[in-house]
>>> print(open('start.cif').read())   # mmCIF, C-alpha atoms
data_entry
loop_
_atom_site.label_atom_id
_atom_site.label_comp_id
_atom_site.auth_asym_id
_atom_site.auth_seq_id
_atom_site.Cartn_x
_atom_site.Cartn_y
_atom_site.Cartn_z
CA MET S 212 -3.69 44.38 14.05
CA GLY S 213 -1.19 45.12 16.82
CA SER S 214 -3.97 45.83 19.28
CA SER S 215 -5.69 42.59 18.26
CA ILE S 216 -2.57 40.57 18.97
CA ARG S 217 -2.20 42.36 22.33
CA LYS S 218 -5.86 41.61 23.06
CA ALA S 219 -5.38 37.94 22.13
CA VAL S 220 -2.38 37.64 24.45
CA GLU S 221 -4.29 39.44 27.20
CA LEU S 222 -7.26 37.09 26.77
CA ILE S 223 -5.04 34.03 27.05
CA LEU S 224 -2.94 35.33 29.94
CA SER S 225 -5.99 36.43 31.90
CA ALA S 226 -7.50 32.97 31.44
CA ASP S 227 -10.77 34.59 30.42
CA PRO S 228 -13.49 32.08 31.43
CA GLU S 229 -15.55 32.59 28.26
CA LEU S 230 -12.48 32.14 26.06
CA LEU S 231 -11.48 29.01 27.96
CA ASN S 232 -14.99 27.65 27.49
CA ILE S 233 -14.87 28.37 23.76
CA LEU S 234 -11.44 26.75 23.53
CA SER S 235 -12.48 23.63 25.42
CA THR S 236 -15.67 23.26 23.32
CA THR S 237 -13.62 23.68 20.14
CA ALA S 238 -11.08 21.10 21.33
CA ARG S 239 -13.86 18.69 22.28
CA VAL S 240 -15.65 19.01 18.95
CA CYS S 241 -12.56 18.95 16.72
CA LEU S 242 -10.61 16.22 18.50
CA SER S 243 -13.66 13.97 18.98
CA SER S 244 -14.88 14.35 15.40
CA SER S 245 -11.45 13.95 13.81
CA ILE S 246 -10.59 10.88 15.89
CA LEU S 247 -14.00 9.29 15.23
CA ALA S 248 -13.64 10.06 11.51
CA LEU S 249 -10.19 8.45 11.60
CA ILE S 250 -11.55 5.31 13.27
CA ILE S 251 -14.31 5.01 10.65
CA GLY S 252 -12.44 6.35 7.62
CA VAL S 253 -9.15 4.46 7.78
CA PRO S 254 -10.58 0.91 7.60
CA LEU S 255 -13.08 1.96 4.92
CA GLY S 256 -10.36 3.71 2.89
CA ILE S 257 -8.12 0.65 3.12
CA LEU S 258 -11.03 -1.62 2.15
CA PHE S 259 -11.97 0.53 -0.87
CA GLY S 260 -8.34 0.73 -1.97
CA ALA S 261 -7.32 -2.88 -1.44
CA GLU S 262 -10.41 -4.86 -2.39
CA ARG S 263 -12.53 -5.11 -5.52
CA PHE S 264 -16.22 -5.78 -4.89
CA PRO S 265 -19.55 -5.02 -6.60
CA GLY S 266 -20.66 -1.45 -5.95
CA ARG S 267 -17.17 -0.22 -5.09
CA ARG S 268 -17.09 2.33 -7.91
CA VAL S 269 -20.50 3.70 -6.95
CA LEU S 270 -19.37 4.05 -3.33
CA LEU S 271 -16.21 5.85 -4.45
CA VAL S 272 -18.21 8.32 -6.55
CA LEU S 273 -20.53 8.88 -3.61
CA ASN S 274 -17.56 9.44 -1.31
CA ARG S 275 -16.01 11.97 -3.72
CA THR S 276 -19.33 13.78 -3.82
CA LEU S 277 -19.42 13.88 -0.02
CA ILE S 278 -15.88 15.32 0.07
CA GLY S 279 -17.21 18.33 -1.80
CA MET S 280 -20.40 18.67 0.26
CA PRO S 281 -20.82 22.25 1.51
CA PRO S 282 -20.85 22.29 5.35
CA VAL S 283 -24.05 24.33 5.41
CA VAL S 284 -25.82 21.61 3.43
CA CYS S 285 -24.63 19.05 5.95
CA GLY S 286 -25.79 21.35 8.76
CA LEU S 287 -29.17 21.85 7.10
CA LEU S 288 -29.62 18.10 6.69
CA PHE S 289 -28.90 17.44 10.37
CA TYR S 290 -31.04 20.40 11.40
CA MET S 291 -34.00 18.94 9.52
CA LEU S 292 -33.43 15.45 10.91
CA PHE S 293 -33.12 16.52 14.55
CA SER S 294 -35.36 19.61 14.72
CA GLY S 295 -38.86 19.60 16.21
CA VAL S 296 -40.38 18.22 13.00
CA GLY S 297 -37.57 15.81 12.13
CA PRO S 298 -37.65 12.00 12.54
CA PHE S 299 -34.97 12.06 15.26
CA ARG S 300 -36.43 14.89 17.35
CA HIS S 301 -37.02 12.55 20.32
CA LEU S 302 -33.21 12.23 20.73
CA HIS S 303 -33.04 15.95 21.70
CA LEU S 304 -29.62 16.38 20.11
CA LEU S 305 -30.16 19.66 18.27
CA PHE S 306 -28.01 22.48 19.69
CA THR S 307 -25.75 20.04 21.53
CA VAL S 308 -22.04 19.36 21.21
CA LYS S 309 -22.85 15.71 20.40
CA LEU S 310 -24.72 16.65 17.21
CA MET S 311 -21.93 19.07 16.25
CA ILE S 312 -19.48 16.18 16.52
CA ILE S 313 -21.74 13.88 14.47
CA ALA S 314 -22.15 16.51 11.74
CA GLN S 315 -18.39 17.04 11.57
CA VAL S 316 -17.76 13.29 11.41
CA VAL S 317 -20.05 13.14 8.36
CA LEU S 318 -18.16 16.04 6.82
CA ILE S 319 -14.60 14.82 7.38
CA THR S 320 -14.82 11.03 7.17
CA PRO S 321 -15.03 11.14 3.33
CA ILE S 322 -11.75 13.10 3.27
CA ILE S 323 -9.99 10.35 5.23
CA ILE S 324 -11.56 7.63 3.08
CA GLY S 325 -10.46 9.48 -0.08
CA VAL S 326 -6.84 9.96 1.05
CA MET S 327 -6.53 6.37 2.25
CA GLU S 328 -8.20 4.86 -0.82
CA THR S 329 -5.88 6.73 -3.20
CA PHE S 330 -2.76 5.62 -1.34
CA VAL S 331 -3.84 2.01 -0.80
CA ALA S 332 -5.04 1.53 -4.40
CA ASP S 333 -1.57 2.55 -5.51
CA THR S 334 0.36 0.47 -2.96
CA ALA S 335 -1.71 -2.67 -2.42
CA PRO S 336 -1.19 -4.51 -5.75
CA ALA S 337 2.64 -4.57 -5.52
CA LEU S 338 2.62 -5.32 -1.80
CA ARG S 339 0.04 -8.06 -2.25
CA GLU S 340 1.99 -9.72 -5.07
CA THR S 341 5.13 -9.76 -2.94
CA ALA S 342 3.32 -10.94 0.20
CA ARG S 343 1.50 -13.73 -1.65
CA GLY S 344 4.71 -14.71 -3.37
CA LEU S 345 6.27 -15.16 0.05
CA GLY S 346 3.33 -17.32 1.07
CA PHE S 347 1.89 -14.88 3.64
CA GLY S 348 -1.75 -15.16 4.74
CA ARG S 349 -4.39 -12.42 4.48
CA MET S 350 -3.86 -11.24 8.07
CA LYS S 351 -0.13 -10.72 7.61
CA GLU S 352 -0.78 -9.07 4.24
CA TYR S 353 -3.13 -6.55 5.90
CA ARG S 354 -0.72 -5.96 8.80
CA LEU S 355 2.00 -5.07 6.31
CA LEU S 356 -0.41 -2.88 4.34
CA ILE S 357 -1.43 -0.93 7.46
CA ASN S 358 2.26 -0.50 8.30
CA GLU S 359 2.75 1.02 4.83
CA CYS S 360 -0.18 3.37 5.44
CA LEU S 361 1.01 5.03 8.67
CA TYR S 362 2.28 8.13 6.85
CA SER S 363 -1.01 8.46 4.95
CA ILE S 364 -3.01 7.98 8.13
CA PHE S 365 -1.22 11.00 9.62
CA SER S 366 -1.70 13.00 6.43
CA SER S 367 -5.41 12.24 6.33
CA TYR S 368 -5.72 13.09 10.02
CA LEU S 369 -4.00 16.44 9.46
CA LEU S 370 -6.41 17.24 6.65
CA SER S 371 -9.46 16.20 8.61
CA PHE S 372 -8.40 18.11 11.72
CA ALA S 373 -7.72 21.21 9.62
CA ARG S 374 -11.19 20.96 8.10
CA ALA S 375 -12.79 20.34 11.51
CA ILE S 376 -11.15 23.30 13.22
CA ALA S 377 -11.87 25.68 10.34
CA GLU S 378 -15.44 24.51 9.75
CA VAL S 379 -18.27 26.90 10.64
CA GLY S 380 -21.39 26.21 8.56
CA ALA S 381 -22.45 22.87 9.99
CA VAL S 382 -21.52 23.54 13.61
CA ALA S 383 -23.30 26.90 13.53
CA MET S 384 -26.51 25.34 12.21
CA VAL S 385 -26.68 22.30 14.45
CA GLY S 386 -24.96 23.87 17.45
CA GLY S 387 -26.64 27.24 17.34
CA ALA S 388 -23.51 29.00 18.67
CA ILE S 389 -24.95 29.13 22.17
CA ALA S 390 -22.58 30.89 24.56
CA TRP S 391 -21.14 28.65 27.30
CA LYS S 392 -22.63 25.60 25.54
CA THR S 393 -21.99 25.13 21.83
CA ASN S 394 -19.95 28.17 20.88
CA VAL S 395 -16.69 27.20 19.17
CA MET S 396 -13.90 29.44 17.88
CA THR S 397 -15.32 29.87 14.38
CA THR S 398 -18.90 30.55 15.49
CA ALA S 399 -17.60 32.90 18.20
CA ILE S 400 -15.64 34.87 15.58
CA MET S 401 -18.85 35.20 13.55
CA MET S 402 -20.79 36.24 16.63
CA TYR S 403 -18.26 38.91 17.69
CA THR S 404 -18.03 40.22 14.12
CA ASN S 405 -21.83 40.50 13.92
CA ARG S 406 -21.76 42.43 17.17
CA GLY S 407 -19.11 44.74 15.77
CA SER S 408 -16.40 43.51 18.17
CA PHE S 409 -13.81 43.16 15.41
CA THR S 410 -10.86 43.25 17.81
CA LEU S 411 -12.21 40.30 19.76
CA GLY S 412 -13.00 38.49 16.51
CA ILE S 413 -9.48 39.03 15.18
CA ALA S 414 -8.01 38.01 18.51
CA LEU S 415 -9.95 34.76 18.41
CA GLY S 416 -8.93 34.26 14.78
CA LEU S 417 -5.27 34.60 15.74
CA ILE S 418 -5.69 32.11 18.57
CA LEU S 419 -7.41 29.73 16.14
CA LEU S 420 -4.57 30.05 13.63
CA SER S 421 -1.95 29.57 16.35
CA LEU S 422 -3.73 26.46 17.63
CA SER S 423 -3.99 25.05 14.13
CA LEU S 424 -0.30 25.81 13.54
CA LEU S 425 0.71 24.16 16.82
CA VAL S 426 -1.28 20.98 16.13
CA ASN S 427 0.08 20.82 12.58
CA ILE S 428 3.68 21.26 13.78
CA ILE S 429 3.26 18.45 16.33
CA LEU S 430 1.68 16.11 13.79
CA SER S 431 4.20 17.01 11.07
CA VAL S 432 7.10 16.14 13.40
CA MET S 433 5.45 12.80 14.16
CA GLN S 434 4.79 12.28 10.44
CA GLY S 435 8.42 13.06 9.61
CA ARG S 436 9.59 10.43 12.09
CA LEU S 437 7.25 7.87 10.55
CA SER S 438 8.53 8.48 7.04
CA ARG S 439 12.14 7.66 8.03
CA MET B 3 6.73 -32.08 -10.68
CA LYS B 4 4.44 -31.52 -13.63
CA THR B 5 2.14 -28.61 -14.42
CA ASN B 6 -1.26 -28.97 -16.05
CA ALA B 7 -1.82 -27.59 -19.54
CA PHE B 8 -3.58 -24.21 -19.45
CA SER B 9 -4.41 -21.03 -21.31
CA LYS B 10 -4.79 -17.42 -20.18
CA THR B 11 -7.02 -14.85 -21.86
CA TYR B 12 -7.15 -11.10 -21.17
CA ASN B 13 -10.08 -9.11 -22.61
CA GLY B 14 -10.82 -11.80 -25.18
CA ARG B 15 -7.18 -12.12 -26.31
CA THR B 16 -5.34 -15.33 -25.47
CA VAL B 17 -1.93 -14.26 -24.19
CA LEU B 18 -0.56 -17.61 -23.10
CA THR B 19 -1.20 -21.23 -24.03
CA LEU B 20 1.05 -23.89 -22.57
CA PRO B 21 1.06 -27.69 -22.60
CA ALA B 22 1.83 -29.75 -19.49
CA LEU B 23 5.43 -29.01 -18.47
CA GLU B 24 7.95 -30.93 -16.43
CA LEU B 25 9.72 -28.98 -13.65
CA PRO B 26 12.33 -31.37 -12.21
CA THR B 27 13.17 -31.03 -8.51
CA GLY B 28 16.74 -30.09 -7.62
CA GLN B 29 17.15 -28.44 -11.02
CA ILE B 30 16.90 -24.94 -12.40
CA THR B 31 14.50 -24.45 -15.29
CA ALA B 32 15.02 -21.18 -17.12
CA VAL B 33 12.08 -19.71 -19.00
CA ILE B 34 13.38 -17.56 -21.84
CA GLY B 35 11.79 -15.59 -24.62
CA PRO B 36 11.53 -12.05 -25.95
CA ASN B 37 9.49 -9.30 -24.29
CA GLY B 38 5.77 -10.04 -24.36
CA SER B 39 6.28 -13.77 -24.78
CA GLY B 40 4.31 -14.48 -21.57
CA LYS B 41 7.19 -15.33 -19.22
CA SER B 42 5.94 -13.23 -16.31
CA THR B 43 2.33 -14.30 -16.84
CA PHE B 44 3.53 -17.90 -16.70
CA ALA B 45 5.36 -17.15 -13.43
CA LYS B 46 2.29 -15.52 -11.89
CA ILE B 47 0.02 -18.40 -12.89
CA LEU B 48 2.55 -20.90 -11.59
CA ALA B 49 2.66 -18.98 -8.30
CA GLY B 50 -1.14 -18.86 -8.06
CA ILE B 51 -1.16 -15.04 -8.22
CA GLU B 52 -3.18 -15.14 -11.44
CA ARG B 53 -5.78 -17.66 -12.53
CA THR B 54 -5.97 -19.67 -15.70
CA ASP B 55 -9.04 -19.50 -17.95
CA ASP B 56 -10.54 -22.62 -16.37
CA LYS B 57 -9.77 -21.20 -12.85
CA LYS B 58 -8.00 -24.40 -11.89
CA PRO B 59 -4.54 -24.32 -10.26
CA ILE B 60 -1.86 -25.76 -12.52
CA LEU B 61 -0.06 -27.21 -9.52
CA SER B 62 -1.49 -28.32 -6.20
CA GLY B 63 -0.39 -29.59 -2.82
CA ILE B 64 3.03 -27.93 -2.85
CA SER B 65 4.52 -24.84 -1.23
CA VAL B 66 5.40 -22.16 -3.77
CA GLY B 67 7.69 -19.17 -3.33
CA TYR B 68 7.55 -16.40 -5.91
CA LEU B 69 9.82 -13.41 -6.32
CA PRO B 70 8.11 -10.83 -8.57
CA GLN B 71 10.05 -8.76 -11.07
CA LYS B 72 9.58 -5.68 -8.88
CA SER B 73 9.59 -6.98 -5.35
CA PHE B 74 8.10 -4.64 -2.77
CA PRO B 75 10.30 -3.43 0.11
CA PHE B 76 8.17 -3.23 3.25
CA ARG B 77 8.41 -0.06 5.35
CA MET B 78 10.96 -1.35 7.85
CA SER B 79 14.69 -2.06 8.00
CA THR B 80 16.41 -4.34 5.48
CA GLU B 81 16.98 -6.97 8.17
CA LYS B 82 13.35 -6.88 9.37
CA ASN B 83 12.19 -7.20 5.77
CA ILE B 84 14.19 -10.39 5.41
CA LEU B 85 13.06 -11.69 8.80
CA GLN B 86 9.42 -11.33 7.70
CA ASN B 87 9.93 -14.62 5.87
CA GLY B 88 11.49 -16.58 8.73
CA LYS B 89 12.91 -15.86 12.15
CA ASN B 90 16.35 -17.38 11.58
CA LEU B 91 18.59 -14.37 12.17
CA SER B 92 21.84 -16.24 11.48
CA ARG B 93 20.54 -17.34 8.05
CA ALA B 94 19.41 -13.77 7.33
CA THR B 95 22.86 -12.45 8.28
CA LYS B 96 24.58 -15.13 6.19
CA LEU B 97 22.44 -14.32 3.14
CA MET B 98 22.99 -10.57 3.56
CA LYS B 99 26.76 -11.13 3.83
CA MET B 100 26.82 -13.30 0.73
CA LEU B 101 24.96 -10.68 -1.28
CA GLY B 102 26.94 -7.79 0.22
CA ILE B 103 24.13 -5.95 1.94
CA ASP B 104 24.98 -6.80 5.57
CA HIS B 105 26.13 -3.21 6.16
CA LEU B 106 22.61 -2.07 5.19
CA ALA B 107 20.86 -4.35 7.70
CA LYS B 108 19.53 -1.54 9.91
CA GLN B 109 18.81 0.87 7.08
CA SER B 110 15.25 1.49 5.91
CA ALA B 111 14.52 -0.82 2.96
CA LYS B 112 12.71 2.07 1.26
CA LYS B 113 16.01 3.88 0.96
CA LEU B 114 17.89 1.07 -0.78
CA SER B 115 18.98 1.53 -4.39
CA GLY B 116 17.43 -0.64 -7.12
CA GLY B 117 20.25 -3.19 -7.00
CA GLU B 118 20.34 -3.28 -3.20
CA SER B 119 16.57 -3.69 -3.07
CA ALA B 120 16.78 -6.61 -5.53
CA ARG B 121 19.43 -8.26 -3.35
CA MET B 122 17.30 -7.73 -0.23
CA ALA B 123 14.30 -9.29 -2.03
CA LEU B 124 16.39 -12.30 -3.04
CA CYS B 125 17.60 -12.76 0.55
CA ARG B 126 13.99 -12.54 1.74
CA ILE B 127 12.64 -15.21 -0.59
CA LEU B 128 15.56 -17.55 0.22
CA MET B 129 14.87 -17.44 3.96
CA ARG B 130 12.77 -20.59 3.96
CA PRO B 131 12.46 -23.65 1.74
CA TYR B 132 9.71 -24.08 -0.84
CA ASP B 133 8.87 -27.07 -3.03
CA LEU B 134 8.78 -24.75 -6.02
CA LEU B 135 10.67 -21.47 -6.16
CA ILE B 136 9.92 -19.01 -8.97
CA LEU B 137 12.30 -16.10 -9.52
CA ASP B 138 11.16 -13.53 -12.06
CA GLU B 139 14.24 -11.73 -13.41
CA PRO B 140 15.87 -11.58 -9.96
CA THR B 141 19.13 -10.02 -11.12
CA THR B 142 17.94 -7.43 -13.67
CA ALA B 143 18.68 -4.48 -11.37
CA MET B 144 22.03 -5.89 -10.16
CA ASP B 145 25.56 -5.16 -11.39
CA MET B 146 27.61 -8.01 -12.90
CA GLU B 147 29.44 -8.86 -9.68
CA SER B 148 26.22 -9.10 -7.65
CA THR B 149 24.56 -11.04 -10.48
CA LEU B 150 27.26 -13.72 -10.39
CA VAL B 151 27.06 -14.01 -6.58
CA ALA B 152 23.25 -14.18 -6.79
CA GLU B 153 23.44 -16.89 -9.45
CA LYS B 154 25.79 -18.92 -7.24
CA LEU B 155 23.36 -18.56 -4.35
CA ILE B 156 20.37 -19.53 -6.52
CA ARG B 157 22.20 -22.62 -7.74
CA GLN B 158 23.24 -23.54 -4.21
CA THR B 159 19.64 -23.16 -2.98
CA SER B 160 18.30 -25.37 -5.73
CA ARG B 161 20.82 -28.09 -4.93
CA GLU B 162 20.61 -27.90 -1.12
CA GLN B 163 16.84 -27.61 -0.80
CA GLY B 164 16.09 -29.97 -3.65
CA CYS B 165 13.34 -27.65 -4.86
CA ALA B 166 12.20 -27.16 -8.41
CA LEU B 167 13.47 -23.71 -9.34
CA VAL B 168 11.99 -21.71 -12.20
CA LEU B 169 14.08 -18.78 -13.35
CA ILE B 170 12.39 -16.26 -15.61
CA THR B 171 15.09 -14.43 -17.53
CA HIS B 172 15.63 -12.50 -20.73
CA SER B 173 19.36 -13.16 -20.45
CA ILE B 174 20.46 -16.10 -22.59
CA SER B 175 23.92 -15.98 -21.02
CA GLN B 176 22.39 -16.27 -17.56
CA ALA B 177 20.33 -19.27 -18.66
CA ARG B 178 23.49 -20.79 -20.10
CA ARG B 179 25.42 -20.17 -16.85
CA ILE B 180 23.01 -21.62 -14.30
CA ALA B 181 20.04 -23.42 -15.87
CA ASP B 182 19.82 -27.18 -16.17
CA ARG B 183 16.79 -26.99 -18.42
CA VAL B 184 15.29 -24.33 -20.65
CA ILE B 185 11.74 -23.60 -21.77
CA VAL B 186 11.38 -21.23 -24.74
CA LEU B 187 8.26 -19.09 -25.15
CA HIS B 188 7.30 -16.87 -28.07
CA GLN B 189 4.17 -14.71 -28.29
CA GLY B 190 2.43 -16.69 -25.59
CA GLN B 191 3.16 -20.04 -27.21
CA PHE B 192 5.39 -22.86 -26.08
CA ILE B 193 8.21 -23.34 -28.60
CA GLU B 194 10.50 -25.96 -27.11
CA GLN B 195 12.06 -27.29 -23.95
CA GLY B 196 15.00 -29.48 -23.04
CA GLN B 197 18.46 -29.55 -21.47
CA SER B 198 19.90 -26.03 -21.57
CA VAL B 199 23.06 -27.10 -23.41
CA GLN B 200 21.01 -28.78 -26.10
CA VAL B 201 18.37 -26.04 -26.50
CA LEU B 202 20.84 -23.15 -26.43
CA SER B 203 23.47 -24.81 -28.65
CA LYS B 204 21.38 -26.88 -31.04
CA PRO B 205 17.81 -25.57 -30.98
CA LYS B 206 15.29 -27.66 -32.87
CA GLN B 207 12.80 -24.90 -33.61
CA GLU B 208 13.29 -22.03 -36.06
CA LYS B 209 11.83 -19.47 -33.65
CA THR B 210 14.35 -20.46 -31.01
CA LYS B 211 17.17 -20.15 -33.56
CA HIS B 212 15.94 -16.64 -34.54
CA PHE B 213 15.69 -15.63 -30.91
CA LEU B 214 19.20 -16.85 -30.11
CA GLU B 215 20.61 -15.25 -33.28
CA PHE B 216 18.99 -11.98 -32.32
CA TYR B 217 20.95 -12.12 -29.06
CA GLY B 218 24.12 -12.95 -31.00
CA LEU B 219 24.47 -16.48 -29.72
#
>>> encode(input="start.cif", output="structure tokens")
Amino acid sequence: MGSSIRKAVELILSADPELLNILSTTARVCLSSSILALIIGVPLGILFGAERFPGRRVLLVLNRTLIGMPPVVCGLLFYMLFSGVGPFRHLHLLFTVKLMIIAQVVLITPIIIGVMETFVADTAPALRETARGLGFGRMKEYRLLINECLYSIFSSYLLSFARAIAEVGAVAMVGGAIAWKTNVMTTAIMMYTNRGSFTLGIALGLILLSLSLLVNIILSVMQGRLSR
Amino acid sequence: MKTNAFSKTYNGRTVLTLPALELPTGQITAVIGPNGSGKSTFAKILAGIERTDDKKPILSGISVGYLPQKSFPFRMSTEKNILQNGKNLSRATKLMKMLGIDHLAKQSAKKLSGGESARMALCRILMRPYDLLILDEPTTAMDMESTLVAEKLIRQTSREQGCALVLITHSISQARRIADRVIVLHQGQFIEQGQSVQVLSKPKQEKTKHFLEFYGL
């Protein structure tokens, strides 16, 4: 373990080009997918929580099912859609970072929708009654509702980022873990472990954990300020 | 102003049936009755928050302000909460001073106690004039001192703004202190209405007498 930590520090300090490439690919995939999922998931979560419309319950059940979808199933689905025999083969997205991001968006958006829907469904009725009682219009009502949601938005983002950075099944299948192209931290750990380079694998694992810890500390501080 | 007659049914059970009612402007009409008599449902229908069975509004063409029983504090300071309902800072400050929450102006409204939150909510609804103002048990969470100040403020608002004010309350003594008129409800039915002195001192209906006796009046 001690040698692994030393190796991890050495890798970082030496600015190892392959490690830097893996780190930048990981950052690209995780940040892009989590931000895109946030952009899609927050409005949908608020809509599902605040409004009552035909088909809402069905959509919620579907969303809860998607929350529990195994990443490898998601990866398999995208592999089939974009592989040489799939309907989207002409887009040539298989084994690209773009498709890795899309697959992760599909995996983590339901988490954001779920977190937001639960919070909004609990908050919206009381807020709406008060806002309507004061004679506020729909726009102002929604502005106030979004203001109430800021803490939940951060919580859902934390969850989605954590899932994105730890995810391996989908990105391995659609990305192919190609060195210098689609290799991210998790797929690299798998690759090094398969090769028998446990030290390198553990070193990468420690870097991954440290990165996750750092991002979570930053977001938690921001979340704490919002809750005041 | 006069409301239309209406009924309200939940899951096949009629919970409220009321005839056309007079709500005089510049006066306070207290709606009293035991728990489950339909007071809050009446307030919500009056405010347009809930619909009647025939989906028609029971009042139209007037501005209505409604303070729910559990008013929601928005995630911002007490002062900003109040200013959501009007930009007049001096009025907000005056209201906060009157209700003794001016020292909490910059504090997050989420951190107010139940009584403080109720006072903030009352300040917020009184920031601008309405033709009809409905207050659903506005002083329940307040101590006696704050309740008396709030009642004075409610009375003052009704007189100054000339609005019709409907006060939902389970407190007979509060109705006696500030209401000009009283409407009595029991199990979703209208029992009687009239001048508060007359209804509370010499009720015509047996159900009203029982209700008042129950409260020891």
>>> residues_near_point(input="start.cif", point="(-12.4, 30.0, 21.1)", cutoff="8 Å", atoms="only C-alpha atoms", output="PDB file with C-alpha atoms, in the frame of the given file")
ATOM      1  CA  LEU S 230     -12.480  32.140  26.060  1.00  0.00           C
ATOM      2  CA  LEU S 231     -11.480  29.010  27.960  1.00  0.00           C
ATOM      3  CA  ASN S 232     -14.990  27.650  27.490  1.00  0.00           C
ATOM      4  CA  ILE S 233     -14.870  28.370  23.760  1.00  0.00           C
ATOM      5  CA  LEU S 234     -11.440  26.750  23.530  1.00  0.00           C
ATOM      6  CA  SER S 235     -12.480  23.630  25.420  1.00  0.00           C
ATOM      7  CA  THR S 236     -15.670  23.260  23.320  1.00  0.00           C
ATOM      8  CA  THR S 237     -13.620  23.680  20.140  1.00  0.00           C
ATOM      9  CA  ASN S 394     -19.950  28.170  20.880  1.00  0.00           C
ATOM     10  CA  VAL S 395     -16.690  27.200  19.170  1.00  0.00           C
ATOM     11  CA  MET S 396     -13.900  29.440  17.880  1.00  0.00           C
ATOM     12  CA  THR S 397     -15.320  29.870  14.380  1.00  0.00           C
ATOM     13  CA  ALA S 399     -17.600  32.900  18.200  1.00  0.00           C
ATOM     14  CA  LEU S 415      -9.950  34.760  18.410  1.00  0.00           C
ATOM     15  CA  ILE S 418      -5.690  32.110  18.570  1.00  0.00           C
ATOM     16  CA  LEU S 419      -7.410  29.730  16.140  1.00  0.00           C
TER      17      LEU S 419
END
>>> resolve_selection(input="start.cif", expression="the PyMOL selection byres ((chain B and resi 86) around 12)", output="PDB file with C-alpha atoms, in the frame of the given file")
ATOM      1  CA  THR S 341       5.130  -9.760  -2.940  1.00  0.00           C
ATOM      2  CA  ALA S 342       3.320 -10.940   0.200  1.00  0.00           C
ATOM      3  CA  LEU S 345       6.270 -15.160   0.050  1.00  0.00           C
ATOM      4  CA  GLY S 346       3.330 -17.320   1.070  1.00  0.00           C
ATOM      5  CA  PHE S 347       1.890 -14.880   3.640  1.00  0.00           C
ATOM      6  CA  LYS S 351      -0.130 -10.720   7.610  1.00  0.00           C
ATOM      7  CA  GLU S 352      -0.780  -9.070   4.240  1.00  0.00           C
ATOM      8  CA  ARG S 354      -0.720  -5.960   8.800  1.00  0.00           C
ATOM      9  CA  LEU S 355       2.000  -5.070   6.310  1.00  0.00           C
TER      10      LEU S 355
ATOM     11  CA  PRO B  75      10.300  -3.430   0.110  1.00  0.00           C
ATOM     12  CA  PHE B  76       8.170  -3.230   3.250  1.00  0.00           C
ATOM     13  CA  ARG B  77       8.410  -0.060   5.350  1.00  0.00           C
ATOM     14  CA  MET B  78      10.960  -1.350   7.850  1.00  0.00           C
ATOM     15  CA  SER B  79      14.690  -2.060   8.000  1.00  0.00           C
ATOM     16  CA  THR B  80      16.410  -4.340   5.480  1.00  0.00           C
ATOM     17  CA  GLU B  81      16.980  -6.970   8.170  1.00  0.00           C
ATOM     18  CA  LYS B  82      13.350  -6.880   9.370  1.00  0.00           C
ATOM     19  CA  ASN B  83      12.190  -7.200   5.770  1.00  0.00           C
ATOM     20  CA  ILE B  84      14.190 -10.390   5.410  1.00  0.00           C
ATOM     21  CA  LEU B  85      13.060 -11.690   8.800  1.00  0.00           C
ATOM     22  CA  ASN B  87       9.930 -14.620   5.870  1.00  0.00           C
ATOM     23  CA  GLY B  88      11.490 -16.580   8.730  1.00  0.00           C
ATOM     24  CA  LYS B  89      12.910 -15.860  12.150  1.00  0.00           C
ATOM     25  CA  ASN B  90      16.350 -17.380  11.580  1.00  0.00           C
ATOM     26  CA  LEU B  91      18.590 -14.370  12.170  1.00  0.00           C
ATOM     27  CA  ALA B  94      19.410 -13.770   7.330  1.00  0.00           C
ATOM     28  CA  MET B 122      17.300  -7.730  -0.230  1.00  0.00           C
ATOM     29  CA  ALA B 123      14.300  -9.290  -2.030  1.00  0.00           C
ATOM     30  CA  CYS B 125      17.600 -12.760   0.550  1.00  0.00           C
ATOM     31  CA  ARG B 126      13.990 -12.540   1.740  1.00  0.00           C
ATOM     32  CA  ILE B 127      12.640 -15.210  -0.590  1.00  0.00           C
ATOM     33  CA  LEU B 128      15.560 -17.550   0.220  1.00  0.00           C
ATOM     34  CA  MET B 129      14.870 -17.440   3.960  1.00  0.00           C
ATOM     35  CA  ARG B 130      12.770 -20.590   3.960  1.00  0.00           C
TER      36      ARG B 130
END
>>> resolve_selection(input="start.cif", expression="the PyMOL selection byres ((chain B and resi 164) around 9)", output="list in words")
Thr27, Gly28, Gln29, Asp133, Thr159, Ser160, Arg161, Glu162, Gln163, Cys165, Ala166 and Leu167 of chain B
>>> interface_residues(input="start.cif", of="chain B", to="chain S", cutoff="8 Å", atoms="only C-alpha atoms", output="list of chain:residue names")
B:Ala49, B:Ile51, B:Ser65, B:Val66, B:Gly67, B:Tyr68, B:Leu69, B:Pro70, B:Lys72, B:Ser73, B:Phe74, B:Phe76, B:Arg77, B:Asn87, B:Ser110, B:Ile127
>>> residues_around(input="start.cif", residues="Phe299 of chain S", least_positions_apart="5", cutoff="12 Å", atoms="all atoms listed in the file", output="PyMOL selection string")
chain S and resi 288-294+304-305+310
>>> atom_distance(input="start.cif", atom1="atom CA of Gln207 of chain B", atom2="atom CA of Ser173 of chain B")
18.8 Å
>>> resolve_selection(input="start.cif", expression="the PyMOL selection byres ((chain B and resi 186) around 6)", output="PyMOL selection string")
chain B and resi 33-35+185+187+193-194
>>> atom_distance(input="start.cif", atom1="atom CA of Leu97 of chain B", atom2="atom CA of Leu169 of chain B")
19.0 Å
>>> atom_distance(input="start.cif", atom1="atom CA of Leu318 of chain S", atom2="atom CA of Phe259 of chain S")
18.4 Å
